[in-house]
>>> print(open('structure30.pdb').read())   # PDB, C-alpha atoms (C1' of nucleotides)
MODEL        1
ATOM      1  CA  MET A   1     119.532  55.395 112.387
ATOM      2  CA  ALA A   2     119.896  51.705 112.581
ATOM      3  CA  ARG A   3     118.955  48.612 114.378
ATOM      4  CA  PRO A   4     121.469  46.631 116.386
ATOM      5  CA  PRO A   5     121.950  43.047 115.234
ATOM      6  CA  SER A   6     120.063  40.766 117.566
ATOM      7  CA  SER A   7     122.361  39.130 120.070
ATOM      8  CA  GLN A   8     120.402  35.909 119.883
ATOM      9  CA  PRO A   9     119.805  33.500 117.003
ATOM     10  CA  THR A  10     116.774  34.432 114.940
ATOM     11  CA  ASP A  11     113.881  32.073 114.405
ATOM     12  CA  VAL A  12     115.162  30.584 111.185
ATOM     13  CA  GLU A  13     118.641  30.298 112.593
ATOM     14  CA  LEU A  14     117.219  28.460 115.557
ATOM     15  CA  GLN A  15     115.392  26.031 113.331
ATOM     16  CA  ILE A  16     118.629  25.224 111.572
ATOM     17  CA  LEU A  17     120.556  24.933 114.808
ATOM     18  CA  ARG A  18     118.011  22.456 116.070
ATOM     19  CA  VAL A  19     118.614  20.259 113.069
ATOM     20  CA  LEU A  20     122.368  20.385 113.603
ATOM     21  CA  TRP A  21     122.025  19.705 117.314
ATOM     22  CA  GLU A  22     119.856  16.694 116.685
ATOM     23  CA  SER A  23     121.629  15.190 113.735
ATOM     24  CA  GLY A  24     125.206  16.345 114.126
ATOM     25  CA  PRO A  25     127.142  17.452 111.018
ATOM     26  CA  CYS A  26     124.815  17.763 108.032
ATOM     27  CA  THR A  27     125.012  18.728 104.420
ATOM     28  CA  ALA A  28     122.952  21.653 103.235
ATOM     29  CA  ARG A  29     120.649  19.184 101.555
ATOM     30  CA  GLU A  30     120.043  17.306 104.765
ATOM     31  CA  VAL A  31     119.358  20.488 106.697
ATOM     32  CA  HIS A  32     116.995  21.543 103.984
ATOM     33  CA  LYS A  33     115.125  18.253 104.079
ATOM     34  CA  SER A  34     114.537  18.595 107.812
ATOM     35  CA  LEU A  35     113.419  22.168 107.447
ATOM     36  CA  ALA A  36     111.113  21.387 104.592
ATOM     37  CA  ALA A  37     109.318  18.869 106.751
ATOM     38  CA  ASP A  38     107.897  21.664 108.882
ATOM     39  CA  LYS A  39     108.060  24.588 106.606
ATOM     40  CA  GLN A  40     107.860  25.234 102.936
ATOM     41  CA  THR A  41     111.130  26.707 101.825
ATOM     42  CA  ASN A  42     113.595  26.770  98.982
ATOM     43  CA  TYR A  43     116.904  24.961  98.951
ATOM     44  CA  SER A  44     118.656  28.200  98.001
ATOM     45  CA  THR A  45     117.305  29.813 101.120
ATOM     46  CA  THR A  46     118.735  27.115 103.323
ATOM     47  CA  VAL A  47     122.123  27.401 101.655
ATOM     48  CA  LYS A  48     122.045  31.157 102.074
ATOM     49  CA  MET A  49     121.062  30.948 105.703
ATOM     50  CA  LEU A  50     123.909  28.534 106.345
ATOM     51  CA  ALA A  51     126.268  31.012 104.700
ATOM     52  CA  VAL A  52     124.922  33.848 106.850
ATOM     53  CA  MET A  53     125.303  31.740 109.948
ATOM     54  CA  PHE A  54     128.820  30.825 108.908
ATOM     55  CA  ASP A  55     129.667  34.513 108.561
ATOM     56  CA  LYS A  56     128.267  35.092 112.012
ATOM     57  CA  GLY A  57     130.318  32.219 113.354
ATOM     58  CA  MET A  58     127.314  30.190 114.398
ATOM     59  CA  VAL A  59     128.295  27.171 112.312
ATOM     60  CA  THR A  60     131.487  25.705 110.942
ATOM     61  CA  ARG A  61     131.978  23.969 107.628
ATOM     62  CA  ASP A  62     133.909  20.906 106.708
ATOM     63  CA  GLU A  63     134.963  21.878 103.228
ATOM     64  CA  ALA A  64     137.033  18.761 102.733
ATOM     65  CA  ALA A  65     133.892  16.714 102.480
ATOM     66  CA  TYR A  66     131.782  16.801  99.347
ATOM     67  CA  PRO A  67     129.126  17.853  99.796
ATOM     68  CA  MET A  68     130.289  20.136 102.614
ATOM     69  CA  THR A  69     128.976  19.428 106.077
ATOM     70  CA  PHE A  70     127.934  22.018 108.621
ATOM     71  CA  SER A  71     128.092  21.865 112.407
ATOM     72  CA  ALA A  72     126.844  24.166 115.103
ATOM     73  CA  THR A  73     129.531  26.045 116.994
ATOM     74  CA  VAL A  74     127.252  26.767 119.926
ATOM     75  CA  SER A  75     125.790  24.004 122.010
ATOM     76  CA  GLN A  76     122.118  23.675 122.619
ATOM     77  CA  GLN A  77     122.663  24.247 126.318
ATOM     78  CA  GLN A  78     124.629  27.439 125.815
ATOM     79  CA  THR A  79     121.968  28.775 123.532
ATOM     80  CA  GLN A  80     119.154  27.835 125.848
ATOM     81  CA  GLN A  81     120.849  29.538 128.753
ATOM     82  CA  SER A  82     121.665  32.634 126.798
ATOM     83  CA  VAL A  83     118.189  33.050 125.400
ATOM     84  CA  LEU A  84     116.570  32.267 128.689
ATOM     85  CA  GLY A  85     118.856  34.678 130.485
ATOM     86  CA  ASP A  86     117.704  37.385 128.107
ATOM     87  CA  VAL A  87     114.080  36.584 128.781
ATOM     88  CA  ILE A  88     114.641  36.624 132.515
ATOM     89  CA  ARG A  89     116.372  39.970 132.301
ATOM     90  CA  LYS A  90     113.922  41.577 129.943
ATOM     91  CA  LEU A  91     110.671  40.134 131.189
ATOM     92  CA  TYR A  92     111.173  38.939 134.731
ATOM     93  CA  ASP A  93     113.267  41.748 136.081
ATOM     94  CA  GLY A  94     116.179  39.385 136.432
ATOM     95  CA  SER A  95     114.407  36.999 138.756
ATOM     96  CA  ALA A  96     114.764  33.385 137.740
ATOM     97  CA  LYS A  97     112.586  32.491 140.670
ATOM     98  CA  SER A  98     109.626  34.484 139.325
ATOM     99  CA  LEU A  99     109.953  32.699 136.034
ATOM    100  CA  VAL A 100     110.039  29.258 137.573
ATOM    101  CA  MET A 101     107.116  29.962 139.849
ATOM    102  CA  GLN A 102     105.068  31.226 136.953
ATOM    103  CA  VAL A 103     105.856  28.287 134.721
ATOM    104  CA  LEU A 104     104.963  25.871 137.463
ATOM    105  CA  SER A 105     101.655  27.580 138.240
ATOM    106  CA  SER A 106     100.528  28.067 134.678
ATOM    107  CA  GLN A 107     101.996  25.399 132.439
ATOM    108  CA  GLU A 108     100.451  22.639 134.405
ATOM    109  CA  SER A 109     103.066  19.997 134.777
ATOM    110  CA  SER A 110     102.299  16.393 135.409
ATOM    111  CA  ALA A 111     102.671  14.946 138.856
ATOM    112  CA  ALA A 112     105.670  13.045 137.617
ATOM    113  CA  ASP A 113     107.310  16.215 136.370
ATOM    114  CA  LEU A 114     106.678  17.965 139.654
ATOM    115  CA  ALA A 115     108.138  15.054 141.550
ATOM    116  CA  GLU A 116     111.241  15.154 139.416
ATOM    117  CA  ILE A 117     111.661  18.848 139.968
ATOM    118  CA  ARG A 118     111.157  18.417 143.647
ATOM    119  CA  ARG A 119     113.869  15.782 143.740
ATOM    120  CA  LEU A 120     116.218  18.150 141.974
ATOM    121  CA  ILE A 121     115.547  20.864 144.529
ATOM    122  CA  GLU A 122     116.215  18.510 147.381
ATOM    123  CA  GLN A 123     119.427  17.527 145.713
ATOM    124  CA  LEU A 124     120.455  21.143 145.301
ATOM    125  CA  ASP A 125     119.571  21.865 148.897
ATOM    126  CA  ALA A 126     121.673  18.970 150.044
ATOM    127  CA  ALA A 127     124.606  20.019 147.915
ATOM    128  CA  ARG A 128     124.562  23.554 149.196
ATOM    129  CA  PRO A 129     123.752  23.424 152.900
ATOM    130  CA  VAL A 130     124.099  27.098 153.719
ATOM    131  CA  PRO A 131     121.434  27.856 156.287
ATOM    132  CA  GLY A 132     122.161  31.543 156.669
ATOM    133  CA  ASP A 133     122.435  32.175 152.953
ATOM    134  CA  ARG A 134     121.234  35.605 152.074
ATOM    135  CA  SER A 135     122.707  35.884 148.619
ATOM    136  CA  LYS A 136     119.501  35.678 146.568
ATOM    137  CA  LYS A 137     121.552  35.370 143.484
ATOM    138  CA  ARG A 138     120.007  36.641 140.320
ATOM    139  CA  LEU A 139     121.136  36.028 136.830
TER     140      LEU A 139
ATOM    141  CA  MET B   1     110.102  36.809  99.579
ATOM    142  CA  ALA B   2     109.505  38.434 102.877
ATOM    143  CA  ARG B   3     109.808  38.152 106.574
ATOM    144  CA  PRO B   4     106.819  37.418 108.788
ATOM    145  CA  PRO B   5     106.132  40.069 111.421
ATOM    146  CA  SER B   6     107.358  38.812 114.757
ATOM    147  CA  SER B   7     104.513  37.421 116.817
ATOM    148  CA  GLN B   8     106.062  38.747 120.013
ATOM    149  CA  PRO B   9     106.852  42.281 121.126
ATOM    150  CA  THR B  10     110.266  43.402 119.924
ATOM    151  CA  ASP B  11     112.943  44.580 122.311
ATOM    152  CA  VAL B  12     112.077  48.239 122.099
ATOM    153  CA  GLU B  13     108.391  47.474 122.389
ATOM    154  CA  LEU B  14     109.125  45.442 125.478
ATOM    155  CA  GLN B  15     111.038  48.296 127.040
ATOM    156  CA  ILE B  16     108.064  50.564 126.514
ATOM    157  CA  LEU B  17     105.609  47.989 127.799
ATOM    158  CA  ARG B  18     107.656  47.656 130.955
ATOM    159  CA  VAL B  19     107.338  51.348 131.618
ATOM    160  CA  LEU B  20     103.582  51.218 131.104
ATOM    161  CA  TRP B  21     103.229  48.139 133.295
ATOM    162  CA  GLU B  22     105.165  49.756 136.088
ATOM    163  CA  SER B  23     103.769  53.246 135.949
ATOM    164  CA  GLY B  24     100.321  52.784 134.466
ATOM    165  CA  PRO B  25      99.036  55.317 131.912
ATOM    166  CA  CYS B  26     101.842  57.602 130.809
ATOM    167  CA  THR B  27     102.335  60.457 128.406
ATOM    168  CA  ALA B  28     104.848  60.027 125.626
ATOM    169  CA  ARG B  29     107.133  62.356 127.525
ATOM    170  CA  GLU B  30     107.027  60.201 130.620
ATOM    171  CA  VAL B  31     107.688  57.045 128.674
ATOM    172  CA  HIS B  32     110.556  58.767 126.986
ATOM    173  CA  LYS B  33     112.057  59.905 130.267
ATOM    174  CA  SER B  34     112.044  56.340 131.589
ATOM    175  CA  LEU B  35     113.555  54.998 128.408
ATOM    176  CA  ALA B  36     116.219  57.662 128.314
ATOM    177  CA  ALA B  37     117.361  56.594 131.755
ATOM    178  CA  ASP B  38     118.694  53.331 130.335
ATOM    179  CA  LYS B  39     119.201  54.152 126.743
ATOM    180  CA  GLN B  40     120.074  57.147 124.679
ATOM    181  CA  THR B  41     117.194  57.853 122.363
ATOM    182  CA  ASN B  42     115.265  60.645 120.724
ATOM    183  CA  TYR B  43     111.840  61.802 121.838
ATOM    184  CA  SER B  44     110.572  61.481 118.269
ATOM    185  CA  THR B  45     111.550  57.843 118.298
ATOM    186  CA  THR B  46     109.524  57.184 121.408
ATOM    187  CA  VAL B  47     106.497  58.912 119.932
ATOM    188  CA  LYS B  48     106.857  56.915 116.742
ATOM    189  CA  MET B  49     107.203  53.650 118.576
ATOM    190  CA  LEU B  50     104.073  54.414 120.561
ATOM    191  CA  ALA B  51     102.277  55.097 117.293
ATOM    192  CA  VAL B  52     103.515  51.820 115.832
ATOM    193  CA  MET B  53     102.426  49.971 118.925
ATOM    194  CA  PHE B  54      99.062  51.671 118.782
ATOM    195  CA  ASP B  55      98.633  50.488 115.200
ATOM    196  CA  LYS B  56      99.514  46.988 116.310
ATOM    197  CA  GLY B  57      96.995  47.238 119.112
ATOM    198  CA  MET B  58      99.581  46.855 121.846
ATOM    199  CA  VAL B  59      98.668  50.110 123.532
ATOM    200  CA  THR B  60      95.608  52.315 123.782
ATOM    201  CA  ARG B  61      95.517  56.090 123.908
ATOM    202  CA  ASP B  62      93.443  58.438 125.990
ATOM    203  CA  GLU B  63      93.106  61.251 123.489
ATOM    204  CA  ALA B  64      90.830  63.250 125.734
ATOM    205  CA  ALA B  65      93.754  64.022 127.988
ATOM    206  CA  TYR B  66      96.334  66.538 126.943
ATOM    207  CA  PRO B  67      98.983  65.423 126.647
ATOM    208  CA  MET B  68      97.629  62.048 125.549
ATOM    209  CA  THR B  69      98.244  59.107 127.821
ATOM    210  CA  PHE B  70      99.111  55.595 126.718
ATOM    211  CA  SER B  71      98.319  52.285 128.395
ATOM    212  CA  ALA B  72      99.330  48.733 127.625
ATOM    213  CA  THR B  73      96.551  46.518 126.272
ATOM    214  CA  VAL B  74      98.388  43.337 127.152
ATOM    215  CA  SER B  75      99.190  42.460 130.727
ATOM    216  CA  GLN B  76     102.660  41.648 131.863
ATOM    217  CA  GLN B  77     101.569  38.145 132.754
ATOM    218  CA  GLN B  78     100.034  37.464 129.373
ATOM    219  CA  THR B  79     103.167  38.657 127.678
ATOM    220  CA  GLN B  80     105.454  36.671 129.915
ATOM    221  CA  GLN B  81     103.494  33.516 129.270
ATOM    222  CA  SER B  82     103.312  34.061 125.565
ATOM    223  CA  VAL B  83     107.020  34.760 125.188
ATOM    224  CA  LEU B  84     107.983  31.961 127.477
ATOM    225  CA  GLY B  85     105.685  29.581 125.673
ATOM    226  CA  ASP B  86     107.495  30.447 122.467
ATOM    227  CA  VAL B  87     110.858  29.783 124.044
ATOM    228  CA  ILE B  88     109.700  26.469 125.427
ATOM    229  CA  ARG B  89     108.384  25.443 122.056
ATOM    230  CA  LYS B  90     111.351  26.630 120.048
ATOM    231  CA  LEU B  91     114.185  25.774 122.375
ATOM    232  CA  TYR B  92     112.989  23.123 124.802
ATOM    233  CA  ASP B  93     110.993  20.959 122.470
ATOM    234  CA  GLY B  94     107.827  21.965 124.275
ATOM    235  CA  SER B  95     108.936  20.659 127.636
ATOM    236  CA  ALA B  96     108.372  23.151 130.439
ATOM    237  CA  LYS B  97     109.957  20.650 132.771
ATOM    238  CA  SER B  98     113.272  20.722 130.924
ATOM    239  CA  LEU B  99     113.305  24.474 131.138
ATOM    240  CA  VAL B 100     112.612  24.548 134.849
ATOM    241  CA  MET B 101     115.178  21.891 135.612
ATOM    242  CA  GLN B 102     117.803  23.740 133.643
ATOM    243  CA  VAL B 103     117.079  27.083 135.254
ATOM    244  CA  LEU B 104     117.254  25.540 138.680
ATOM    245  CA  SER B 105     120.548  23.785 138.009
ATOM    246  CA  SER B 106     122.291  26.663 136.321
ATOM    247  CA  GLN B 107     120.954  29.960 137.571
ATOM    248  CA  GLU B 108     121.879  29.185 141.113
ATOM    249  CA  SER B 109     118.936  30.242 143.184
ATOM    250  CA  SER B 110     119.209  31.113 146.828
ATOM    251  CA  ALA B 111     118.123  28.648 149.465
ATOM    252  CA  ALA B 112     115.196  30.912 150.187
ATOM    253  CA  ASP B 113     114.119  30.849 146.553
ATOM    254  CA  LEU B 114     114.383  27.101 146.405
ATOM    255  CA  ALA B 115     112.338  26.776 149.567
ATOM    256  CA  GLU B 116     109.666  28.985 148.106
ATOM    257  CA  ILE B 117     109.544  26.966 144.927
ATOM    258  CA  ARG B 118     109.386  23.781 146.891
ATOM    259  CA  ARG B 119     106.445  25.116 148.853
ATOM    260  CA  LEU B 120     104.672  25.935 145.613
ATOM    261  CA  ILE B 121     105.202  22.429 144.317
ATOM    262  CA  GLU B 122     103.825  20.909 147.499
ATOM    263  CA  GLN B 123     100.849  23.156 147.162
ATOM    264  CA  LEU B 124     100.281  22.088 143.577
ATOM    265  CA  ASP B 125     100.620  18.450 144.545
ATOM    266  CA  ALA B 126      98.055  18.892 147.258
ATOM    267  CA  ALA B 127      95.671  20.680 144.953
ATOM    268  CA  ARG B 128      95.850  18.020 142.305
ATOM    269  CA  PRO B 129      95.893  14.635 144.033
ATOM    270  CA  VAL B 130      95.658  12.457 140.976
ATOM    271  CA  PRO B 131      97.853   9.461 141.667
ATOM    272  CA  GLY B 132      97.299   7.735 138.363
ATOM    273  CA  ASP B 133      97.747  10.868 136.323
ATOM    274  CA  ARG B 134      99.374  10.069 133.062
ATOM    275  CA  SER B 135      98.646  13.292 131.249
ATOM    276  CA  LYS B 136     102.182  14.711 131.203
ATOM    277  CA  LYS B 137     100.766  17.922 129.951
ATOM    278  CA  ARG B 138     102.993  20.049 127.835
ATOM    279  CA  LEU B 139     102.464  23.587 126.744
TER     280      LEU B 139
ATOM    281  C1'  DT C   1     133.715  12.197  77.000
ATOM    282  C1'  DT C   2     129.534  14.187  77.432
ATOM    283  C1'  DG C   3     125.440  15.120  79.704
ATOM    284  C1'  DC C   4     122.924  15.536  83.948
ATOM    285  C1'  DA C   5     121.889  16.425  88.544
ATOM    286  C1'  DC C   6     123.426  18.370  92.551
ATOM    287  C1'  DT C   7     126.280  21.991  95.109
ATOM    288  C1'  DG C   8     127.110  26.310  96.675
ATOM    289  C1'  DG C   9     128.136  31.373  95.870
ATOM    290  C1'  DC C  10     126.230  36.093  94.736
ATOM    291  C1'  DG C  11     123.366  39.629  94.465
ATOM    292  C1'  DA C  12     118.789  41.464  94.435
ATOM    293  C1'  DA C  13     114.162  41.938  96.207
ATOM    294  C1'  DT C  14     111.192  42.647  99.943
ATOM    295  C1'  DT C  15     109.598  43.172 104.596
ATOM    296  C1'  DT C  16     110.265  44.473 109.379
ATOM    297  C1'  DC C  17     112.289  47.368 112.808
ATOM    298  C1'  DT C  18     114.143  51.540 114.522
ATOM    299  C1'  DT C  19     115.613  55.925 114.133
ATOM    300  C1'  DC C  20     115.025  60.830 113.394
ATOM    301  C1'  DG C  21     114.069  65.481 110.975
ATOM    302  C1'  DC C  22     110.542  68.444 109.758
ATOM    303  C1'  DT C  23     106.175  70.538 110.459
ATOM    304  C1'  DA C  24     101.684  71.714 112.098
ATOM    305  C1'  DC C  25      99.155  72.110 116.188
ATOM    306  C1'  DT C  26      97.943  73.233 121.190
ATOM    307  C1'  DA C  27      98.181  75.346 125.506
ATOM    308  C1'  DT C  28     100.043  78.640 128.422
ATOM    309  C1'  DA C  29     102.539  82.754 129.894
ATOM    310  C1'  DA C  30     103.685  87.338 129.037
TER     311       DA C  30
ATOM    312  C1'  DT D   1      97.012  88.666 121.380
ATOM    313  C1'  DT D   2     101.318  86.898 120.548
ATOM    314  C1'  DA D   3     105.474  84.490 121.456
ATOM    315  C1'  DT D   4     107.134  80.150 123.358
ATOM    316  C1'  DA D   5     107.491  75.500 124.551
ATOM    317  C1'  DG D   6     105.852  71.115 124.385
ATOM    318  C1'  DT D   7     102.916  67.491 121.543
ATOM    319  C1'  DA D   8     102.180  64.452 117.924
ATOM    320  C1'  DG D   9     101.907  63.081 112.948
ATOM    321  C1'  DC D  10     104.432  61.861 108.562
ATOM    322  C1'  DG D  11     107.637  60.230 105.698
ATOM    323  C1'  DA D  12     112.175  58.798 104.724
ATOM    324  C1'  DA D  13     116.470  56.670 105.789
ATOM    325  C1'  DG D  14     118.919  52.738 106.614
ATOM    326  C1'  DA D  15     120.178  48.230 109.086
ATOM    327  C1'  DA D  16     118.694  43.448 109.633
ATOM    328  C1'  DA D  17     116.319  39.276 108.257
ATOM    329  C1'  DT D  18     114.565  36.208 104.816
ATOM    330  C1'  DT D  19     113.565  34.915 100.439
ATOM    331  C1'  DC D  20     114.874  33.295  95.829
ATOM    332  C1'  DG D  21     116.776  33.232  90.836
ATOM    333  C1'  DC D  22     120.731  32.597  88.315
ATOM    334  C1'  DC D  23     125.144  30.651  87.297
ATOM    335  C1'  DA D  24     129.469  28.346  87.535
ATOM    336  C1'  DG D  25     131.558  24.427  89.247
ATOM    337  C1'  DT D  26     131.825  19.281  90.588
ATOM    338  C1'  DG D  27     131.219  14.456  90.347
ATOM    339  C1'  DC D  28     128.961  10.462  88.476
ATOM    340  C1'  DA D  29     126.681   7.577  84.966
ATOM    341  C1'  DA D  30     126.006   6.290  80.435
TER     342       DA D  30
ENDMDL
END
>>> encode(input="structure30.pdb", output="C-alpha cells")
Amino acid sequence: MARPPSSQPTDVELQILRVLWESGPCTAREVHKSLAADKQTNYSTTVKMLAVMFDKGMVTRDEAAYPMTFSATVSQQQTQQSVLGDVIRKLYDGSAKSLVMQVLSSQESSAADLAEIRRLIEQLDAARPVPGDRSKKRL
Amino acid sequence: MARPPSSQPTDVELQILRVLWESGPCTAREVHKSLAADKQTNYSTTVKMLAVMFDKGMVTRDEAAYPMTFSATVSQQQTQQSVLGDVIRKLYDGSAKSLVMQVLSSQESSAADLAEIRRLIEQLDAARPVPGDRSKKRL
DNA sequence: TTGCACTGGCGAATTTCTTCGCTACTATAA
DNA sequence: TTATAGTAGCGAAGAAATTCGCCAGTGCAA
C-alpha cells in the first residue's frame, strides 16, 4: 500500500544538485544562500535536505572541514541522461528521434543553434559511415 | 510546511494517460486491463486514480454510457511539451539546444534517424530565412 | 573565560501520491 | 423477480517529500 521511491532526484534535490554542480563543494550555508536567491526557504530545510540526500548517496560530505562541505556524487551529465532517458521511455515510447524532432519543431531554435546541431549530425554521420545500417537503436 | 502538488502528471497518471491516448475513450475496466499488462495492480486502484485525475481535470467522463468511459483532456503533444519544457528548464538551464545535442551524441541514433532529423533542420532553415537573426530563442 | 553566532542533528508536522477494502448500485441472466 | 457479476464511490492506510522548531555542540571575539 505504498509508493515506490522515485528513481530520479526530486525537484528540491535537483535545485541543490545544480548549486553543487555549478559551485563545486559547498557548505550548507552556501547552498542555502543560492537556494534562497530563487526561493524562500529556511536554513534548517536546506540542512535537512542535504542530510536526506546524503542518506540516499546523492552527495558526499567532507567532515574534516568546518563547516562541512558537500559535493554531488552524480555528475550533471549522468543525471541529465538518466532523467531524459526516463522521459523518452515514458513519454516518447522510447524514441529519442521523436523527442528531438518535436523539440526542433516546437521550441524554435535560432538559426545559429540549428547550424550547430546540423554540424554535429554531419560529424556523427562521418564518424559512423554505415550505409546499410538498420539498427534504429532506441534508448 | 507542505509540498506543492506536482505541476506535471505523476508516473501512474502518465501510464493511464498513455492508455487513453492510444485507445481513445475507455472504461475503467479497459484501462485497468492495459495497466495490468505491465504492472500488477488492483482494479480499485485504477478506479480511484481515474477519480483523482477527474478531480484534477486530467480526464473527462461520459456518464451517459454504462459502464462510464474516460477520455484524456490533455493531448499527448501538450503533455510531452510541458514535461520536456520542465526538464529543459530544470536540467538544461533552459537551453533546448544543449538537450538536443546531448541526446544526439549519447543516445546513438540510427543513420536513418539522423537523416530524418537533418531533413527537418533543412526544412526549418528554409522556412525561416533570417540571416541576421539574433534571437536565440529559448523555451 | 564567557558569551555569541553559526553548525548540524532529530523528530514532528503536513501534504501528496498510491494503494486497497468495503459497500451500495446497476444491469443482465436465469 | 431474484441471484449474480461487474461498476464506481468513500475513506483509510501508509510511504515519500518537504518543511521547520528546538537543541546541543563548536569556534571565535571580547
>>> closest_residue(input="structure30.pdb", among="A:Ser6, A:Gln76, A:Ser106, A:Gln15", to="chain C", atoms="all atoms listed in the file")
A:Ser6
>>> closest_atom_pairs(input="structure30.pdb", of="stretch 63-100 of chain B", to="stretch 91-101 of chain A", cutoff="9 Å", atoms="all atoms listed in the file", output="CSV")
residue,atom,partner,partner_atom,distance
B:Gln76,CA,A:Leu91,CA,8.2
B:Thr79,CA,A:Leu91,CA,8.4
B:Gln80,CA,A:Leu91,CA,6.4
B:Val83,CA,A:Leu91,CA,8.8
B:Leu84,CA,A:Leu99,CA,8.8
B:Leu99,CA,A:Val100,CA,8.7
B:Val100,CA,A:Val100,CA,6.0
>>> write_last_selection(input="structure30.pdb", atoms="C-alpha atoms", output="mmCIF file, in the coordinates of the input")
data_model
loop_
_atom_site.group_PDB
_atom_site.id
_atom_site.type_symbol
_atom_site.label_atom_id
_atom_site.label_comp_id
_atom_site.auth_asym_id
_atom_site.auth_seq_id
_atom_site.Cartn_x
_atom_site.Cartn_y
_atom_site.Cartn_z
ATOM 1 C CA GLN B 76 102.660 41.648 131.863
ATOM 2 C CA THR B 79 103.167 38.657 127.678
ATOM 3 C CA GLN B 80 105.454 36.671 129.915
ATOM 4 C CA VAL B 83 107.020 34.760 125.188
ATOM 5 C CA LEU B 84 107.983 31.961 127.477
ATOM 6 C CA LEU B 99 113.305 24.474 131.138
ATOM 7 C CA VAL B 100 112.612 24.548 134.849
#
>>> closest_atom_pairs(input="structure30.pdb", of="chain C", to="chain B", cutoff="7 Å", atoms="all atoms listed in the file", output="Markdown table")
| residue | atom | partner | partner_atom | distance |
| --- | --- | --- | --- | --- |
| C:DT14 | C1' | B:Ala2 | CA | 5.4 |
| C:DT15 | C1' | B:Ala2 | CA | 5.0 |
| C:DT16 | C1' | B:Pro5 | CA | 6.4 |
| C:DT19 | C1' | B:Thr45 | CA | 6.1 |
| C:DC20 | C1' | B:Ser44 | CA | 6.6 |
>>> atom_distance(input="structure30.pdb", atom1="atom CA of B:Gly85", atom2="atom CA of B:Pro9")
13.5 Å
>>> atom_distance(input="structure30.pdb", atom1="atom CA of A:Thr69", atom2="atom CA of A:Thr27")
4.4 Å
>>> atom_distance(input="structure30.pdb", atom1="atom CA of A:Lys90", atom2="atom CA of B:Leu14")
7.6 Å
>>> interface_residues(input="structure30.pdb", of="chain D", to="chain B", cutoff="12 Å", atoms="all atoms listed in the file", output="number ranges by chain")
D: 6-11, 16-21
>>> resolve_selection(input="structure30.pdb", expression="the PyMOL selection byres ((chain D and resi 23) around 12)", output="list in words")
DT7, DG8, DG9, DC10 and DG11 of chain C; DG21, DC22, DA24 and DG25 of chain D
>>> axis_aligned_box(input="structure30.pdb", around="stretch 2-13 of chain D", padding_each_side="6 Å", output="AutoDock Vina command-line options")
--center_x 108.9 --center_y 71.8 --center_z 114.6 --size_x 27.2 --size_y 42.2 --size_z 31.8
>>> resolve_selection(input="structure30.pdb", expression="the PyMOL selection byres ((chain B and resi 118) around 10)", output="VMD selection string")
(chain A and resid 101 114 117 to 119 121 to 122) or (chain B and resid 112 to 117 119 to 124)
>>> resolve_selection(input="structure30.pdb", expression="the PyMOL selection byres ((chain A and resi 71) around 10)", output="compact mmCIF listing (two decimals) with C-alpha atoms, in the frame of the given file")
# COMPACT_ATOMS: atom_id res chain seq x y z
CA LEU A 17 120.56 24.93 114.81
CA VAL A 19 118.61 20.26 113.07
CA LEU A 20 122.37 20.39 113.60
CA TRP A 21 122.02 19.70 117.31
CA SER A 23 121.63 15.19 113.74
CA GLY A 24 125.21 16.34 114.13
CA PRO A 25 127.14 17.45 111.02
CA CYS A 26 124.82 17.76 108.03
CA THR A 27 125.01 18.73 104.42
CA LEU A 50 123.91 28.53 106.34
CA PHE A 54 128.82 30.82 108.91
CA MET A 58 127.31 30.19 114.40
CA VAL A 59 128.29 27.17 112.31
CA THR A 60 131.49 25.70 110.94
CA ARG A 61 131.98 23.97 107.63
CA ASP A 62 133.91 20.91 106.71
CA THR A 69 128.98 19.43 106.08
CA PHE A 70 127.93 22.02 108.62
CA ALA A 72 126.84 24.17 115.10
CA THR A 73 129.53 26.04 116.99
CA VAL A 74 127.25 26.77 119.93
